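Report on the following structure.
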Amino acid sequence: MAAQEVTAQPGDTLTTLKTESESLKTKLLDERAKLHDVELHQVAEKVEALGQFVMKTRRTLKGHGNKVLCMDWCKDKRRIVSSSQDGKVIVWDAFTTNKEHAVTMPCTWVMACAYAPSGCAVACGGLDNKCSVYPLSLDKNENLAAKKKSVAMHTNYLSACCFTNSDMQILTSSGDGTCALWDVESGQMLQSFHGHAADVLCLDLAPSETGNTFVSGGCDKKACVWDMRTGQCVQSFETHDSDINSVRYYPSGDAFASGSDDATCRLYDLRADREVAIYSKESIIFGASSVDFSLSGRLLFGGYNDYTINVWDVLKGTRVSILFGHENRVSTLRVSPDGTAFCSGSWDHTLRVLGASLESKISTDCNIVLSAVEFMEEENLMKQELSSMKEQVASPNTTMKQMKEIMVRAMYCEMLGYDASFTYIHAIKLAQQGGVLEKRVGYLAVSLFLSEGHELLLLLVNTVLKDLQSTNLIEVCMALTVVAQNFPKDMIPAVLPLVEDKLSHPKEIIRRKAVLALYNFYLIAPNQVQHIHGKFRKALCDKDPGVMTSSLHIYLQLIRESPDDYKDLTGSFVAILKQVVGGKLPIDFNYHNVPAPWLQIQLLRIFSLLGRDDQSASEQMYEVLDESLRRAEMNHNITYAILYECVKTIYTISPKAELLDKAVRCIGNFVLSPKINLKYLGLKALTYVVQHDTKLALQHQMTIIECLDHSDFTIKRETLELLFRITNAQNVTVIVEKMLDFLRDVVNNFLRLLAEGSNCKEDDDQLRLYAVDSYLNVLKGNCFHLPQHFLQLSEDQTDLILDLLENLSSSQNTVIRQQAQELHHLSQDSQLHEWVLPRGAPWDSVEVDSSLSFLDGYVSEALAAGAAPYKPPHQRQEELSEERALSLEPYGFNLPVSLSSCSITDRQSPTLSSGLSGNSAELSQKAGTLILEGVKRVWGKDGYLPQKESTSEAAQVEESAAALQIYGQQGAEERLEPPDQSQQTEDKQQLASSLFVGLGAQSSTSLLGKSEAPPPRFRRKPRPHASSSSSSGASERSSESSHSSRSTADSFHYGNLLEEEPTTIKPSSDVTKHNHIRANGPEQNKDADVAVETDRGVNTSHILGSDMVLVRPNTIQDKYPADLTELLPADLKELPRSDVISLTSDPSLYLSSCRVFRDESLLLVIFISNCTDTAITDVAVQLTCEGLETVSLRGNVIGSLESSSVSVCHYALMMKDPQTNVSFTGTVSHQTQAGQTNSLMFSGTLCTADFIRPLVVTTEEYGKLWLSFSHDVKQNLKLLTDAEDPLRATLNALKETLQLHVVDVIGSEGLVACSLLSSAPCLLHCRVNGTALAVWLRSPLPALPDCILYHCQKTLAEL
Amino acid sequence: MIKAILIFNNHGKPRLSKFYEHYTEDTEQQIIRETFHLVSKRDENICNFLEGGLLIGGSENKLIYRHYATLYFVFCVDSSESELGILDLIQVFVETLDKCFENVCELDLIFHMDKVHNILAEMVMGGMVLETNMSEIITQVEAQNKMEKSEAGIAGAPARAVSAVKNMNLPEMPKNINIGDISIKVPNMPSFK
């Protein structure tokens, strides 16, 4: 160069300089030619030619309104971005052909587009001279244009763009003759590339491994390779005769191809620095607009202006295939990142995705990333290989060594599924005749090729015999290996003695293999090795641990078959494990510092077999099991494997409490482990142990629920298995539902496959036939529902379907019958069938007109003809329920809402109550709510424990004034559930509650053993309507009289609170009030006739003289409070009784009542006071009380009641079915002197507490009783913590209000007993649990514990 | 018992298949394909156990697999094997391969198929775990390799003589375990006839 510069004198003319440069150019060409020693196609001659292959259009993407100009694949192999002359940029899903995004550009002619490597953005540009980047979001509705970012600014049109290997940089080429690298974020130019003399039309980035280069081509017929770091052109090639439309790097990055308007494609090698191949044909006269390589680089796809795509063999330079399809110029073409398909865009406004038709051997599942081309190559290669092998093995000149090589290749072919059966005999020959090395390969080939029954194996017997006797260890080993794997059964006696001899071979490896060989004999012919059991024992005592380990395989099998025969070995196995665990083995047996873990696992399995139902054997194991648990503490997989086996063993052998505890803790660790494998094992262990103790599942409720929704199929299944194990009468519905959900998932996937099919027709038919067949098998048992898509198949498998029809038309289910009918019609009318269910359509593309609008005609016709109008199911049900109101009672949804919320809130399970009220509407529509309801309710007692405790405590704090209880509770509830706490958690908790019902809650209860069977659950019976409605009516009355502003529902529930209210109700005020009511208007007492009658009474009293009336009752009030009880019959006076409370009054009568607690019944005493100064005659009291039994009554008819006198009438009441509150209503009819008959209604509430009597038992009796009761309920109660002895204080408080008997107090536990009158007892076991009192109630009556619990809670809440 | 050991790459190409139960060749190929389908669909962060495909025995058998770079190692086992134990056995197998081939890769499995099978044969024999001790396996395999090298040297010598020489080269590995309190008198066992 220096010399040239010197010669370049200033005086030189332009012409001389031009010649100078020309000569330099030729020099350069010569230099390049020197490197060119051989033509590419010559080199490639030896390469196998590509076979014919077919590519078919798999998808056609339609949607562009004008010529498609550019496209690019997303890295996910699925999405495509394309740009068009209509100014649109569309992102497609190539699988579904759906358009995912569309952007309208401000200009038409969007000539370039590119997908970002992350798949989160696309770049495009064109005649706007800019490159714009649009981030893609998942939200389809979002306006992409709003987030547009203009990155590059050229002075002429943008011809191509391409992201570098990150989303942050973009390369552009432009009509202004430059290329540039831009920073996406800032829009700044990082580097510009000058060198092209005309428009740059295309560019391509080098594959990432090969550095920072890219290649560009342009209208100057030149292709330049640029260094992105320096911005310099490092190589340029100028052999095309016209514009270069497309450049593309070879996959290795060492070469690139170009497509040009001169109708050729060329390949340039960057290492050789020259063009190495031209792809052209005389018949091709139109320019190539686009090129791309197959993934392997063997094929070059070129899109041409003559509407075709030519496929070139890159090496040979020949055209392999020509693809038609587009109806205009092919403008763009890209191979998908996985090489299975390519997409071409054309001026015919469409894009097509073409894929190779794979051989039927390979499934066309989209997940298989397998290049069609590669597969073709492989098959060809294999065929070639096999034929050459065939030749070689047949030739007599092939040496043993060559044969060995052939055999290895044959093994490989066989593994890939190509038949190499001609080598089998040679494999045997090799094993017979070869030296040790060849023999080894021969044996290996035999063991891979020949199965147990293969006839050729007989030829091997002699070889094996010979080798077994060989002095060469390796030969013996090989023979033993082959014997242990596949050996003809009949020949065992021949080799048996030799193998037995090997048990005493000096080398342990031989002994070990001999043991396993014998084991194999035992498996295939147990009779023939009967006599050598003793030798197994010897092997067990072998001084080499390896031999001993091998013998354990045998023992595991033997013991599994008959555990009793080997009990005597228990001690030995224990001794072995003890030594292993104790680290007596040589250090090289350690794996991750665990001594011989696999040996331990094996031994533990043997233990579980030996110790099952065998106390004495188990006792020997306890110590070593404990030791194993203790030692296995390191956090490595293998220790967990041992732990898992330990746990299983501990639960299998006869139990020992201490070990069980430890095992449970282990399981806890497993289940809670973040490692998914351990979680799986934890679930498995749990599944195993819940068979022994269902309560264990309770501790892991939430984990189990989470696992139920786990993305891992295996975990899901295991969870379902676990649920299956804990199924009981209460949760069976929920669990079955879960399982059905799971199955539905499976079935849906299956049907999707069925409906969409694969691409190969033959496969499809087979698959469908198989599917229908298996489906029929399933249906034969029981058919739940026949999915719609099944109909699609009817065409081909008519005979099968007819079978099905027969089956189904006799089905009980109307829906199935209807579908069968449809199916029947369809199968007879193929035209209709085609129309209704187009074949091969994606299964969800079948549109269902859910409004059934096409039936409108029929409907109106039918209506005109007088048919009854259609009623939706819920309406029908409503009507039904109206008709038969009584029958629905057990379903509970007619339950007054307030009742349920009251009882539930008082039981302090906010989650439940909210769930219930939320569900109530839904419940009422579902059949089978009966069980569900029961299930959900029970959760209140023992459901999700950790959450509940805190909420219940807080709830109790919230409870203050009794009147505000409900509001307070609800408020508390809302506060307790933080607003951000997701619905999901709540759902899960509810699910947990319904799943784990009936498993018994507190396994920690120490007093008594486990319950034998999950007890049937208490289901609350709803209050009969009659009583509730009448009581609400009545309560209105009482609220009237008490001037309370409470709502009807409120006063109903807390109706019994009236008891506690001071007797402020004075006739005087009452009358005032009546007047007041009258003044206010009639609507307040419009409800009852009685009220009107009372008013009449008032009227009369007014007539009689209002002044008197005002005074009289006062005197009664003053006069009688103390006296009323005096009026009690003598026999009742001694008995405990409640205060007298007033019931109701009218101007003439004043009613009050008192409860007297008799042992065998409750006496309701009603005092009827005459407030008038005249006698009242014919007084009759009628009491109705549903849910209670009236045993006797006295004094309910009084002939005449003197002025200001009081009559007493009393009812003895019994409670048969425990209910928390019972209301009674009654009427008192009487005649005044005026001869008018008046009646006065009264009502009141009684609660369970009134019917409870202390049950005096001793602690021993208590214990016996406890075990005999089946219904139990657990709940945490408030503990009076401020008291000195909280337990006693609490119990005493309960005792005072509820008449309980405290049997005993032992430490932190208290035993309390009571009974429902003199019949059903109820036992309470109370234990101080932190700041709460854990109460466990048991009773023979299902509802009693709940009622008592309710009152206990109420009592404590009021303290 | 181990029913089958399969290795295939991310594309489902088998790289090693060893069946310890008899299946027809077609079934074997189908099992490989089926297994690949089952295994390849699974995410990286879910558990390594799943139920076997229909062909290999359905729910009675478990597939236990590990995914290393481009290869899936799948063991199909019945209920008598411990899942985690097998999972670690795969680890042992892979580590052994890695030691024997010095950074094992997919190509090693293709070009040294026989060696891989030999290593496997030292670990698992007839479906039973024979040896789990990596150094032991390597010793065995190396002993055989040594034989291979020496054989190349004494190509002409009679096979028997060569093997006699090799026999002497095999290293002794003294190991002892004291199972002292097992006192079994074989002759006195009445239960075996």
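By convention here, the chains of the structure tokens are called A, B, ... in the order presented, each chain's residues are numbered starting at 1, and ligands are numbered starting at 1 in the order presented.
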* Check segment 90-289 of chain A with DSSP on the backbone and list each residue it calls helix (DSSP H, G or I), as a PyMOL selection string. => chain A and resi 144-147+208-210
Saved selection, atoms kept: N, CA and C atoms, as a PDB file, in the first residue's frame:
ATOM      1  N   LEU A 144     -52.634  -0.177  20.789  1.00  0.00           N
ATOM      2  CA  LEU A 144     -51.195  -0.315  20.636  1.00  0.00           C
ATOM      3  C   LEU A 144     -50.562   0.978  20.144  1.00  0.00           C
ATOM      4  N   ALA A 145     -51.308   1.661  19.310  1.00  0.00           N
ATOM      5  CA  ALA A 145     -50.738   2.862  18.697  1.00  0.00           C
ATOM      6  C   ALA A 145     -50.352   3.886  19.761  1.00  0.00           C
ATOM      7  N   ALA A 146     -51.057   3.815  20.907  1.00  0.00           N
ATOM      8  CA  ALA A 146     -50.776   4.792  21.948  1.00  0.00           C
ATOM      9  C   ALA A 146     -49.392   4.599  22.543  1.00  0.00           C
ATOM     10  N   LYS A 147     -48.916   3.357  22.505  1.00  0.00           N
ATOM     11  CA  LYS A 147     -47.623   3.084  23.138  1.00  0.00           C
ATOM     12  C   LYS A 147     -46.482   3.067  22.141  1.00  0.00           C
ATOM     13  N   SER A 208     -26.029 -15.429  16.620  1.00  0.00           N
ATOM     14  CA  SER A 208     -25.442 -14.759  17.773  1.00  0.00           C
ATOM     15  C   SER A 208     -24.041 -15.232  18.123  1.00  0.00           C
ATOM     16  N   GLU A 209     -23.741 -16.519  17.871  1.00  0.00           N
ATOM     17  CA  GLU A 209     -22.431 -17.021  18.307  1.00  0.00           C
ATOM     18  C   GLU A 209     -21.301 -16.415  17.488  1.00  0.00           C
ATOM     19  N   THR A 210     -21.642 -15.956  16.278  1.00  0.00           N
ATOM     20  CA  THR A 210     -20.560 -15.582  15.389  1.00  0.00           C
ATOM     21  C   THR A 210     -20.237 -14.101  15.406  1.00  0.00           C
TER      22      THR A 210
END
* **Sel. of strand (DSSP E) residues, segment 350-541 of chain A, as a ChimeraX atom specification** => /A:350-356
Keeping N, CA, C and O atoms, export the residues of the selection given above as a PDB file, in the first residue's frame.
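New file result.pdb:
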ATOM      1  N   THR A 350     -52.189 -12.746   1.134  1.00  0.00           N
ATOM      2  CA  THR A 350     -52.225 -13.786   2.170  1.00  0.00           C
ATOM      3  C   THR A 350     -50.823 -14.169   2.625  1.00  0.00           C
ATOM      4  O   THR A 350     -49.830 -13.877   1.954  1.00  0.00           O
ATOM      5  N   LEU A 351     -50.797 -14.836   3.764  1.00  0.00           N
ATOM      6  CA  LEU A 351     -49.580 -15.493   4.206  1.00  0.00           C
ATOM      7  C   LEU A 351     -49.910 -16.972   4.298  1.00  0.00           C
ATOM      8  O   LEU A 351     -51.033 -17.347   4.640  1.00  0.00           O
ATOM      9  N   ARG A 352     -48.942 -17.795   4.000  1.00  0.00           N
ATOM     10  CA  ARG A 352     -49.177 -19.230   4.121  1.00  0.00           C
ATOM     11  C   ARG A 352     -48.104 -19.841   5.012  1.00  0.00           C
ATOM     12  O   ARG A 352     -46.943 -19.489   4.881  1.00  0.00           O
ATOM     13  N   VAL A 353     -48.533 -20.729   5.866  1.00  0.00           N
ATOM     14  CA  VAL A 353     -47.567 -21.463   6.688  1.00  0.00           C
ATOM     15  C   VAL A 353     -47.475 -22.854   6.113  1.00  0.00           C
ATOM     16  O   VAL A 353     -48.478 -23.566   6.017  1.00  0.00           O
ATOM     17  N   LEU A 354     -46.290 -23.214   5.663  1.00  0.00           N
ATOM     18  CA  LEU A 354     -46.105 -24.525   5.064  1.00  0.00           C
ATOM     19  C   LEU A 354     -45.287 -25.397   5.985  1.00  0.00           C
ATOM     20  O   LEU A 354     -44.317 -24.941   6.595  1.00  0.00           O
ATOM     21  N   GLY A 355     -45.673 -26.627   6.059  1.00  0.00           N
ATOM     22  CA  GLY A 355     -44.916 -27.558   6.886  1.00  0.00           C
ATOM     23  C   GLY A 355     -44.663 -28.819   6.106  1.00  0.00           C
ATOM     24  O   GLY A 355     -45.429 -29.176   5.206  1.00  0.00           O
ATOM     25  N   ALA A 356     -43.598 -29.478   6.443  1.00  0.00           N
ATOM     26  CA  ALA A 356     -43.297 -30.716   5.766  1.00  0.00           C
ATOM     27  C   ALA A 356     -44.265 -31.777   6.262  1.00  0.00           C
ATOM     28  O   ALA A 356     -44.681 -31.776   7.411  1.00  0.00           O
TER      29      ALA A 356
END
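With atom CA of Gln1353 of chain A on one side and atom CA of Leu1341 of chain A on the other, the separation reads 19.5 Å.
With only C-alpha atoms as the atoms that count, the residue of A:Leu1298, A:Ala394, A:Ile705, A:Ala479 with the shortest distance to chain B is A:Ala479.
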* Asked: So how many Å separate atom CA of Met382 of chain A and atom CA of Ser395 of chain A, to one decimal?
  -> 19.9 Å
* Asked: Can you tell me, as an MDAnalysis selection string, what residues are no more than 12 Å from Lys502 of chain A when counting only C-alpha atoms, ignoring any on the same chain fewer than 5 positions away?
  -> chainID A and resid 468:471 473 476:477 479:480 495:497 507:518 535 539 547
* Please provide the set of residues having any atom within 10 Å of Ile64 of chain B, restricted to only C-alpha atoms, with same-chain residues fewer than 6 positions apart removed, written as a VMD selection string. => chain B and resid 5 39 47 to 52 73 to 77 83 to 84 86 to 87 90
Resulting file, chosen residues, N, CA and C atoms, as an mmCIF file, in the first residue's frame:
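The resulting file, again-v8.cif, is shown below:
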data_model
loop_
_atom_site.group_PDB
_atom_site.id
_atom_site.type_symbol
_atom_site.label_atom_id
_atom_site.label_comp_id
_atom_site.auth_asym_id
_atom_site.auth_seq_id
_atom_site.Cartn_x
_atom_site.Cartn_y
_atom_site.Cartn_z
ATOM 1 N N ILE B 5 -35.139 -48.461 31.272
ATOM 2 C CA ILE B 5 -34.341 -47.244 31.426
ATOM 3 C C ILE B 5 -34.250 -46.605 30.050
ATOM 4 N N VAL B 39 -43.222 -36.971 29.344
ATOM 5 C CA VAL B 39 -42.191 -36.295 30.115
ATOM 6 C C VAL B 39 -41.908 -34.902 29.574
ATOM 7 N N CYS B 47 -42.819 -31.935 39.809
ATOM 8 C CA CYS B 47 -42.089 -33.049 40.405
ATOM 9 C C CYS B 47 -41.643 -34.067 39.362
ATOM 10 N N ASN B 48 -40.673 -34.838 39.745
ATOM 11 C CA ASN B 48 -40.000 -35.710 38.795
ATOM 12 C C ASN B 48 -40.637 -37.078 38.690
ATOM 13 N N PHE B 49 -41.792 -37.227 39.257
ATOM 14 C CA PHE B 49 -42.445 -38.527 39.197
ATOM 15 C C PHE B 49 -43.747 -38.394 38.442
ATOM 16 N N LEU B 50 -44.042 -39.383 37.660
ATOM 17 C CA LEU B 50 -45.382 -39.421 37.088
ATOM 18 C C LEU B 50 -45.752 -40.862 36.795
ATOM 19 N N GLU B 51 -47.016 -41.044 36.551
ATOM 20 C CA GLU B 51 -47.466 -42.393 36.285
ATOM 21 C C GLU B 51 -47.049 -42.813 34.894
ATOM 22 N N GLY B 52 -46.764 -44.077 34.769
ATOM 23 C CA GLY B 52 -46.319 -44.582 33.490
ATOM 24 C C GLY B 52 -47.419 -44.530 32.454
ATOM 25 N N PHE B 73 -33.393 -38.462 31.242
ATOM 26 C CA PHE B 73 -33.107 -39.796 31.768
ATOM 27 C C PHE B 73 -34.366 -40.276 32.467
ATOM 28 N N VAL B 74 -34.936 -41.348 31.953
ATOM 29 C CA VAL B 74 -36.197 -41.819 32.511
ATOM 30 C C VAL B 74 -36.039 -43.256 32.994
ATOM 31 N N PHE B 75 -36.409 -43.489 34.231
ATOM 32 C CA PHE B 75 -36.456 -44.840 34.767
ATOM 33 C C PHE B 75 -37.918 -45.194 34.961
ATOM 34 N N CYS B 76 -38.301 -46.337 34.437
ATOM 35 C CA CYS B 76 -39.661 -46.786 34.678
ATOM 36 C C CYS B 76 -39.592 -47.918 35.696
ATOM 37 N N VAL B 77 -40.222 -47.712 36.836
ATOM 38 C CA VAL B 77 -40.087 -48.685 37.921
ATOM 39 C C VAL B 77 -41.458 -49.081 38.455
ATOM 40 N N GLU B 83 -39.053 -43.928 45.149
ATOM 41 C CA GLU B 83 -38.966 -42.882 44.136
ATOM 42 C C GLU B 83 -37.710 -42.030 44.303
ATOM 43 N N LEU B 84 -37.524 -41.544 45.508
ATOM 44 C CA LEU B 84 -36.365 -40.676 45.712
ATOM 45 C C LEU B 84 -35.075 -41.452 45.532
ATOM 46 N N ILE B 86 -34.552 -43.871 43.435
ATOM 47 C CA ILE B 86 -34.288 -43.968 42.002
ATOM 48 C C ILE B 86 -33.816 -42.628 41.454
ATOM 49 N N LEU B 87 -34.414 -41.574 41.968
ATOM 50 C CA LEU B 87 -34.022 -40.249 41.505
ATOM 51 C C LEU B 87 -32.532 -40.029 41.755
ATOM 52 N N ILE B 90 -30.431 -42.112 39.347
ATOM 53 C CA ILE B 90 -30.218 -41.441 38.060
ATOM 54 C C ILE B 90 -29.031 -40.497 38.190
#
* Structure fact -> Shortest contact to chain A, candidates B:Thr35, B:Asn118, B:Asn103, B:Ser79, atoms counted only C-alpha atoms, goes to B:Asn118
* Smallest atom-to-atom distance to Glu136 of chain B: which of A:Tyr566, A:Phe573, A:Phe589, A:Phe487, using only C-alpha atoms? -> A:Phe589
* Asked: Could you pull the residues within 9 Å of Leu643 of chain A, counting only C-alpha atoms, minus those fewer than 4 positions along the same chain, as an MDAnalysis selection string?
  -> chainID A and resid 601 628:629 632:633 638:639 647:648 663 666:667
* Would you work out the distance separating atom CA of Ser1153 of chain A from atom CA of Leu1344 of chain A, expressed in Å to one decimal? => 25.8 Å
